[in-house]
file my_file-v7.txt (compact mmCIF, N, CA, C and O atoms)
# COMPACT_ATOMS: atom_id res chain seq x y z
N MET A 865 108.33 56.27 120.71
CA MET A 865 107.56 55.21 121.33
C MET A 865 106.74 55.72 122.50
O MET A 865 105.80 55.08 122.90
N LYS A 866 107.10 56.87 123.05
CA LYS A 866 106.33 57.39 124.17
C LYS A 866 104.91 57.71 123.77
O LYS A 866 104.01 57.68 124.59
N LEU A 867 104.72 58.03 122.50
CA LEU A 867 103.38 58.33 122.01
C LEU A 867 102.43 57.16 122.24
O LEU A 867 101.25 57.35 122.52
N PHE A 868 102.95 55.96 122.17
CA PHE A 868 102.13 54.76 122.31
C PHE A 868 102.18 54.17 123.71
O PHE A 868 101.61 53.12 123.95
N GLY A 869 102.88 54.80 124.62
CA GLY A 869 103.00 54.29 125.97
C GLY A 869 104.29 53.53 126.16
O GLY A 869 104.92 53.09 125.21
N GLN A 870 104.68 53.35 127.41
CA GLN A 870 105.95 52.72 127.71
C GLN A 870 105.85 51.20 127.78
O GLN A 870 106.80 50.50 127.49
N SER A 871 104.72 50.68 128.21
CA SER A 871 104.62 49.24 128.44
C SER A 871 103.78 48.55 127.37
O SER A 871 103.00 49.19 126.67
N LEU A 872 103.97 47.26 127.27
CA LEU A 872 103.18 46.45 126.36
C LEU A 872 101.93 45.96 127.08
O LEU A 872 101.96 45.63 128.26
N MET A 873 100.83 45.91 126.37
CA MET A 873 99.58 45.48 126.97
C MET A 873 99.41 43.95 126.89
O MET A 873 98.78 43.35 127.73
N ALA A 874 99.98 43.36 125.85
CA ALA A 874 99.82 41.92 125.64
C ALA A 874 100.67 41.13 126.64
O ALA A 874 101.76 41.55 127.02
N ARG A 875 100.17 39.98 127.04
CA ARG A 875 100.92 39.13 127.98
C ARG A 875 101.67 38.02 127.25
O ARG A 875 102.75 37.62 127.66
N ASP A 876 101.12 37.52 126.16
CA ASP A 876 101.74 36.46 125.38
C ASP A 876 102.89 37.03 124.55
O ASP A 876 102.77 38.12 123.98
N PHE A 877 104.01 36.30 124.47
CA PHE A 877 105.19 36.80 123.77
C PHE A 877 104.89 37.09 122.30
O PHE A 877 105.29 38.12 121.76
N ASP A 878 104.20 36.17 121.62
CA ASP A 878 103.89 36.38 120.20
C ASP A 878 103.03 37.62 119.98
O ASP A 878 103.22 38.35 119.01
N ARG A 879 102.13 37.87 120.88
CA ARG A 879 101.29 39.06 120.77
C ARG A 879 102.09 40.33 121.08
O ARG A 879 101.84 41.38 120.49
N GLN A 880 103.06 40.22 121.97
CA GLN A 880 103.94 41.36 122.24
C GLN A 880 104.75 41.71 121.00
O GLN A 880 104.91 42.89 120.67
N VAL A 881 105.24 40.69 120.31
CA VAL A 881 106.00 40.91 119.08
C VAL A 881 105.12 41.61 118.04
O VAL A 881 105.53 42.57 117.39
N ALA A 882 103.89 41.13 117.90
CA ALA A 882 102.97 41.74 116.94
C ALA A 882 102.66 43.18 117.32
O ALA A 882 102.56 44.06 116.45
N GLN A 883 102.53 43.45 118.61
CA GLN A 883 102.25 44.80 119.07
C GLN A 883 103.42 45.74 118.75
O GLN A 883 103.22 46.86 118.28
N ILE A 884 104.63 45.27 118.95
CA ILE A 884 105.81 46.09 118.64
C ILE A 884 105.91 46.32 117.14
O ILE A 884 106.21 47.43 116.69
N GLN A 885 105.65 45.30 116.33
CA GLN A 885 105.71 45.45 114.88
C GLN A 885 104.66 46.45 114.40
O GLN A 885 104.92 47.22 113.47
N THR A 886 103.49 46.46 115.02
CA THR A 886 102.46 47.42 114.66
C THR A 886 102.91 48.83 114.98
O THR A 886 102.72 49.75 114.18
N ARG A 887 103.51 49.02 116.16
CA ARG A 887 104.01 50.34 116.54
C ARG A 887 105.07 50.82 115.55
O ARG A 887 105.08 51.98 115.16
N ILE A 888 105.97 49.92 115.16
CA ILE A 888 107.02 50.29 114.22
C ILE A 888 106.43 50.68 112.87
O ILE A 888 106.85 51.65 112.25
N ALA A 889 105.42 49.93 112.41
CA ALA A 889 104.78 50.24 111.14
C ALA A 889 104.13 51.62 111.17
O ALA A 889 104.21 52.39 110.21
N VAL A 890 103.48 51.95 112.29
CA VAL A 890 102.84 53.26 112.42
C VAL A 890 103.90 54.37 112.42
O VAL A 890 103.74 55.39 111.74
N LEU A 891 104.98 54.17 113.17
CA LEU A 891 106.04 55.18 113.21
C LEU A 891 106.68 55.37 111.84
O LEU A 891 106.99 56.49 111.43
N ASN A 892 106.87 54.27 111.11
CA ASN A 892 107.43 54.38 109.76
C ASN A 892 106.50 55.15 108.84
O ASN A 892 106.94 55.91 107.98
N ARG A 893 105.20 54.95 109.02
CA ARG A 893 104.21 55.67 108.20
C ARG A 893 104.26 57.17 108.52
O ARG A 893 104.21 58.00 107.62
N TYR A 894 104.34 57.51 109.80
CA TYR A 894 104.46 58.92 110.18
C TYR A 894 105.72 59.53 109.58
O TYR A 894 105.70 60.66 109.10
N THR A 895 106.81 58.79 109.60
CA THR A 895 108.07 59.27 109.03
C THR A 895 107.93 59.48 107.53
O THR A 895 108.38 60.49 106.99
N ALA A 896 107.30 58.54 106.85
CA ALA A 896 107.12 58.64 105.40
C ALA A 896 106.25 59.85 105.04
O ALA A 896 106.48 60.52 104.03
N LEU A 897 105.26 60.14 105.85
CA LEU A 897 104.39 61.29 105.59
C LEU A 897 105.14 62.61 105.80
O LEU A 897 104.81 63.62 105.18
N GLY A 898 106.14 62.60 106.68
CA GLY A 898 106.86 63.83 107.01
C GLY A 898 108.02 64.14 106.08
O GLY A 898 108.58 65.23 106.13
N ILE A 899 108.42 63.20 105.21
CA ILE A 899 109.55 63.42 104.32
C ILE A 899 109.05 64.14 103.06
O ILE A 899 108.16 63.65 102.37
N PRO A 900 109.60 65.30 102.76
CA PRO A 900 109.16 66.04 101.57
C PRO A 900 109.64 65.36 100.29
O PRO A 900 110.71 64.73 100.26
N ILE A 901 108.85 65.49 99.26
CA ILE A 901 109.21 64.96 97.94
C ILE A 901 109.82 66.11 97.15
O ILE A 901 109.18 67.13 96.90
N THR A 902 111.07 65.95 96.75
CA THR A 902 111.78 67.00 96.02
C THR A 902 111.71 66.73 94.53
O THR A 902 112.00 65.63 94.07
N GLU A 903 111.27 67.75 93.79
CA GLU A 903 111.20 67.65 92.33
C GLU A 903 111.96 68.80 91.72
O GLU A 903 111.87 69.93 92.20
N SER A 904 112.69 68.53 90.66
CA SER A 904 113.42 69.59 89.98
C SER A 904 112.47 70.42 89.11
O SER A 904 111.55 69.88 88.50
N VAL A 905 112.70 71.71 89.09
CA VAL A 905 111.86 72.63 88.33
C VAL A 905 112.70 73.25 87.23
O VAL A 905 113.81 73.70 87.46
N GLY A 906 112.11 73.27 86.04
CA GLY A 906 112.79 74.00 84.97
C GLY A 906 113.35 73.13 83.99
O GLY A 906 113.80 72.84 83.10
call {"tool": "encode", "arguments": {"input": "my_file-v7.txt", "output": "structure tokens"}}
result
Amino acid sequence: MKLFGQSLMARDFDRQVAQIQTRIAVLNRYTALGIPITESVG
């Protein structure tokens, strides 16, 4: 989460929730890109 900063920019609670969900989605995407796909050979 440090990559995106420590504090929330939005003041409204609903917008803060949306901002956190967006951060989580981005982090999940980074994680998915970093997981190798293993295939059996032979």
call {"tool": "atom_distance", "arguments": {"input": "my_file-v7.txt", "atom1": "atom N of Leu897 of chain A", "atom2": "atom N of Ile884 of chain A"}}
result
19.8 Å
call {"tool": "axis_aligned_box", "arguments": {"input": "my_file-v7.txt", "around": "segment 888-894 of chain A", "padding_each_side": "6 Å", "output": "AutoDock Vina command-line options"}}
result
--center_x 105.1 --center_y 55.3 --center_z 111.4 --size_x 16.6 --size_y 22.7 --size_z 19.5
call {"tool": "atom_distance", "arguments": {"input": "my_file-v7.txt", "atom1": "atom CA of Pro900 of chain A", "atom2": "atom CA of Ile888 of chain A"}}
result
20.3 Å
call {"tool": "atom_distance", "arguments": {"input": "my_file-v7.txt", "atom1": "atom CA of Ala889 of chain A", "atom2": "atom CA of Ser871 of chain A"}}
result
17.3 Å
call {"tool": "decode", "arguments": {"input": "my_file-v7.txt", "residues": "segment 872-884 of chain A", "atoms": "all heavy atoms", "output": "PDB file, in the first residue's frame"}}
result
ATOM      1  N   LEU A 872      -5.713   8.535   2.418  1.00  0.00           N
ATOM      2  CA  LEU A 872      -6.755   8.580   1.403  1.00  0.00           C
ATOM      3  C   LEU A 872      -6.988  10.027   0.982  1.00  0.00           C
ATOM      4  O   LEU A 872      -6.943  10.938   1.804  1.00  0.00           O
ATOM      5  CB  LEU A 872      -8.056   7.994   1.958  1.00  0.00           C
ATOM      6  CG  LEU A 872      -7.996   6.520   2.359  1.00  0.00           C
ATOM      7  CD1 LEU A 872      -9.288   6.129   3.046  1.00  0.00           C
ATOM      8  CD2 LEU A 872      -7.756   5.653   1.153  1.00  0.00           C
ATOM      9  N   MET A 873      -7.231  10.236  -0.286  1.00  0.00           N
ATOM     10  CA  MET A 873      -7.440  11.588  -0.783  1.00  0.00           C
ATOM     11  C   MET A 873      -8.918  11.998  -0.682  1.00  0.00           C
ATOM     12  O   MET A 873      -9.227  13.163  -0.526  1.00  0.00           O
ATOM     13  CB  MET A 873      -6.984  11.696  -2.243  1.00  0.00           C
ATOM     14  CG  MET A 873      -5.498  11.420  -2.423  1.00  0.00           C
ATOM     15  SD  MET A 873      -4.436  12.595  -1.562  1.00  0.00           S
ATOM     16  CE  MET A 873      -4.755  14.079  -2.476  1.00  0.00           C
ATOM     17  N   ALA A 874      -9.808  11.026  -0.772  1.00  0.00           N
ATOM     18  CA  ALA A 874     -11.237  11.319  -0.761  1.00  0.00           C
ATOM     19  C   ALA A 874     -11.701  11.682   0.653  1.00  0.00           C
ATOM     20  O   ALA A 874     -11.202  11.155   1.648  1.00  0.00           O
ATOM     21  CB  ALA A 874     -12.027  10.121  -1.276  1.00  0.00           C
ATOM     22  N   ARG A 875     -12.666  12.573   0.741  1.00  0.00           N
ATOM     23  CA  ARG A 875     -13.207  12.973   2.046  1.00  0.00           C
ATOM     24  C   ARG A 875     -14.489  12.222   2.378  1.00  0.00           C
ATOM     25  O   ARG A 875     -14.759  11.921   3.530  1.00  0.00           O
ATOM     26  CB  ARG A 875     -13.490  14.469   2.055  1.00  0.00           C
ATOM     27  CG  ARG A 875     -12.238  15.294   1.970  1.00  0.00           C
ATOM     28  CD  ARG A 875     -12.559  16.756   2.089  1.00  0.00           C
ATOM     29  NE  ARG A 875     -11.330  17.549   1.977  1.00  0.00           N
ATOM     30  CZ  ARG A 875     -11.304  18.855   1.983  1.00  0.00           C
ATOM     31  NH1 ARG A 875     -12.422  19.545   2.087  1.00  0.00           N
ATOM     32  NH2 ARG A 875     -10.171  19.503   1.884  1.00  0.00           N
ATOM     33  N   ASP A 876     -15.291  11.912   1.379  1.00  0.00           N
ATOM     34  CA  ASP A 876     -16.549  11.206   1.569  1.00  0.00           C
ATOM     35  C   ASP A 876     -16.266   9.722   1.821  1.00  0.00           C
ATOM     36  O   ASP A 876     -15.405   9.126   1.175  1.00  0.00           O
ATOM     37  CB  ASP A 876     -17.428  11.387   0.320  1.00  0.00           C
ATOM     38  CG  ASP A 876     -18.785  10.750   0.463  1.00  0.00           C
ATOM     39  OD1 ASP A 876     -19.334  10.771   1.574  1.00  0.00           O
ATOM     40  OD2 ASP A 876     -19.310  10.228  -0.555  1.00  0.00           O
ATOM     41  N   PHE A 877     -17.008   9.117   2.762  1.00  0.00           N
ATOM     42  CA  PHE A 877     -16.755   7.722   3.133  1.00  0.00           C
ATOM     43  C   PHE A 877     -16.931   6.782   1.942  1.00  0.00           C
ATOM     44  O   PHE A 877     -16.110   5.885   1.722  1.00  0.00           O
ATOM     45  CB  PHE A 877     -17.678   7.301   4.281  1.00  0.00           C
ATOM     46  CG  PHE A 877     -17.475   5.866   4.684  1.00  0.00           C
ATOM     47  CD1 PHE A 877     -16.353   5.473   5.399  1.00  0.00           C
ATOM     48  CD2 PHE A 877     -18.399   4.893   4.328  1.00  0.00           C
ATOM     49  CE1 PHE A 877     -16.154   4.155   5.761  1.00  0.00           C
ATOM     50  CE2 PHE A 877     -18.218   3.576   4.685  1.00  0.00           C
ATOM     51  CZ  PHE A 877     -17.093   3.202   5.401  1.00  0.00           C
ATOM     52  N   ASP A 878     -17.996   6.957   1.162  1.00  0.00           N
ATOM     53  CA  ASP A 878     -18.231   6.079   0.015  1.00  0.00           C
ATOM     54  C   ASP A 878     -17.104   6.175  -1.011  1.00  0.00           C
ATOM     55  O   ASP A 878     -16.697   5.182  -1.607  1.00  0.00           O
ATOM     56  CB  ASP A 878     -19.568   6.417  -0.647  1.00  0.00           C
ATOM     57  CG  ASP A 878     -20.749   6.051   0.229  1.00  0.00           C
ATOM     58  OD1 ASP A 878     -20.607   5.129   1.063  1.00  0.00           O
ATOM     59  OD2 ASP A 878     -21.814   6.683   0.081  1.00  0.00           O
ATOM     60  N   ARG A 879     -16.580   7.360  -1.188  1.00  0.00           N
ATOM     61  CA  ARG A 879     -15.460   7.529  -2.117  1.00  0.00           C
ATOM     62  C   ARG A 879     -14.174   6.930  -1.556  1.00  0.00           C
ATOM     63  O   ARG A 879     -13.346   6.415  -2.310  1.00  0.00           O
ATOM     64  CB  ARG A 879     -15.256   9.005  -2.447  1.00  0.00           C
ATOM     65  CG  ARG A 879     -16.393   9.563  -3.268  1.00  0.00           C
ATOM     66  CD  ARG A 879     -16.203  11.047  -3.517  1.00  0.00           C
ATOM     67  NE  ARG A 879     -17.392  11.636  -4.085  1.00  0.00           N
ATOM     68  CZ  ARG A 879     -17.500  12.013  -5.355  1.00  0.00           C
ATOM     69  NH1 ARG A 879     -16.491  11.854  -6.178  1.00  0.00           N
ATOM     70  NH2 ARG A 879     -18.612  12.545  -5.792  1.00  0.00           N
ATOM     71  N   GLN A 880     -14.019   6.975  -0.245  1.00  0.00           N
ATOM     72  CA  GLN A 880     -12.863   6.330   0.379  1.00  0.00           C
ATOM     73  C   GLN A 880     -12.920   4.821   0.169  1.00  0.00           C
ATOM     74  O   GLN A 880     -11.900   4.194  -0.134  1.00  0.00           O
ATOM     75  CB  GLN A 880     -12.814   6.636   1.873  1.00  0.00           C
ATOM     76  CG  GLN A 880     -12.402   8.047   2.192  1.00  0.00           C
ATOM     77  CD  GLN A 880     -12.409   8.336   3.679  1.00  0.00           C
ATOM     78  OE1 GLN A 880     -12.889   7.536   4.482  1.00  0.00           O
ATOM     79  NE2 GLN A 880     -11.891   9.499   4.053  1.00  0.00           N
ATOM     80  N   VAL A 881     -14.105   4.251   0.307  1.00  0.00           N
ATOM     81  CA  VAL A 881     -14.277   2.812   0.080  1.00  0.00           C
ATOM     82  C   VAL A 881     -13.922   2.467  -1.364  1.00  0.00           C
ATOM     83  O   VAL A 881     -13.205   1.502  -1.631  1.00  0.00           O
ATOM     84  CB  VAL A 881     -15.718   2.375   0.418  1.00  0.00           C
ATOM     85  CG1 VAL A 881     -15.958   0.938  -0.014  1.00  0.00           C
ATOM     86  CG2 VAL A 881     -15.987   2.530   1.907  1.00  0.00           C
ATOM     87  N   ALA A 882     -14.405   3.270  -2.300  1.00  0.00           N
ATOM     88  CA  ALA A 882     -14.103   3.035  -3.710  1.00  0.00           C
ATOM     89  C   ALA A 882     -12.605   3.157  -3.977  1.00  0.00           C
ATOM     90  O   ALA A 882     -12.034   2.379  -4.756  1.00  0.00           O
ATOM     91  CB  ALA A 882     -14.878   4.013  -4.584  1.00  0.00           C
ATOM     92  N   GLN A 883     -11.954   4.107  -3.330  1.00  0.00           N
ATOM     93  CA  GLN A 883     -10.523   4.296  -3.515  1.00  0.00           C
ATOM     94  C   GLN A 883      -9.749   3.084  -2.994  1.00  0.00           C
ATOM     95  O   GLN A 883      -8.817   2.603  -3.647  1.00  0.00           O
ATOM     96  CB  GLN A 883     -10.080   5.561  -2.777  1.00  0.00           C
ATOM     97  CG  GLN A 883      -8.658   5.958  -3.038  1.00  0.00           C
ATOM     98  CD  GLN A 883      -8.286   7.274  -2.372  1.00  0.00           C
ATOM     99  OE1 GLN A 883      -9.077   7.874  -1.674  1.00  0.00           O
ATOM    100  NE2 GLN A 883      -7.072   7.706  -2.591  1.00  0.00           N
ATOM    101  N   ILE A 884     -10.145   2.563  -1.860  1.00  0.00           N
ATOM    102  CA  ILE A 884      -9.477   1.375  -1.306  1.00  0.00           C
ATOM    103  C   ILE A 884      -9.713   0.165  -2.198  1.00  0.00           C
ATOM    104  O   ILE A 884      -8.800  -0.620  -2.454  1.00  0.00           O
ATOM    105  CB  ILE A 884      -9.967   1.109   0.134  1.00  0.00           C
ATOM    106  CG1 ILE A 884      -9.461   2.215   1.050  1.00  0.00           C
ATOM    107  CG2 ILE A 884      -9.488  -0.253   0.625  1.00  0.00           C
ATOM    108  CD1 ILE A 884     -10.042   2.170   2.441  1.00  0.00           C
TER     109      ILE A 884
END
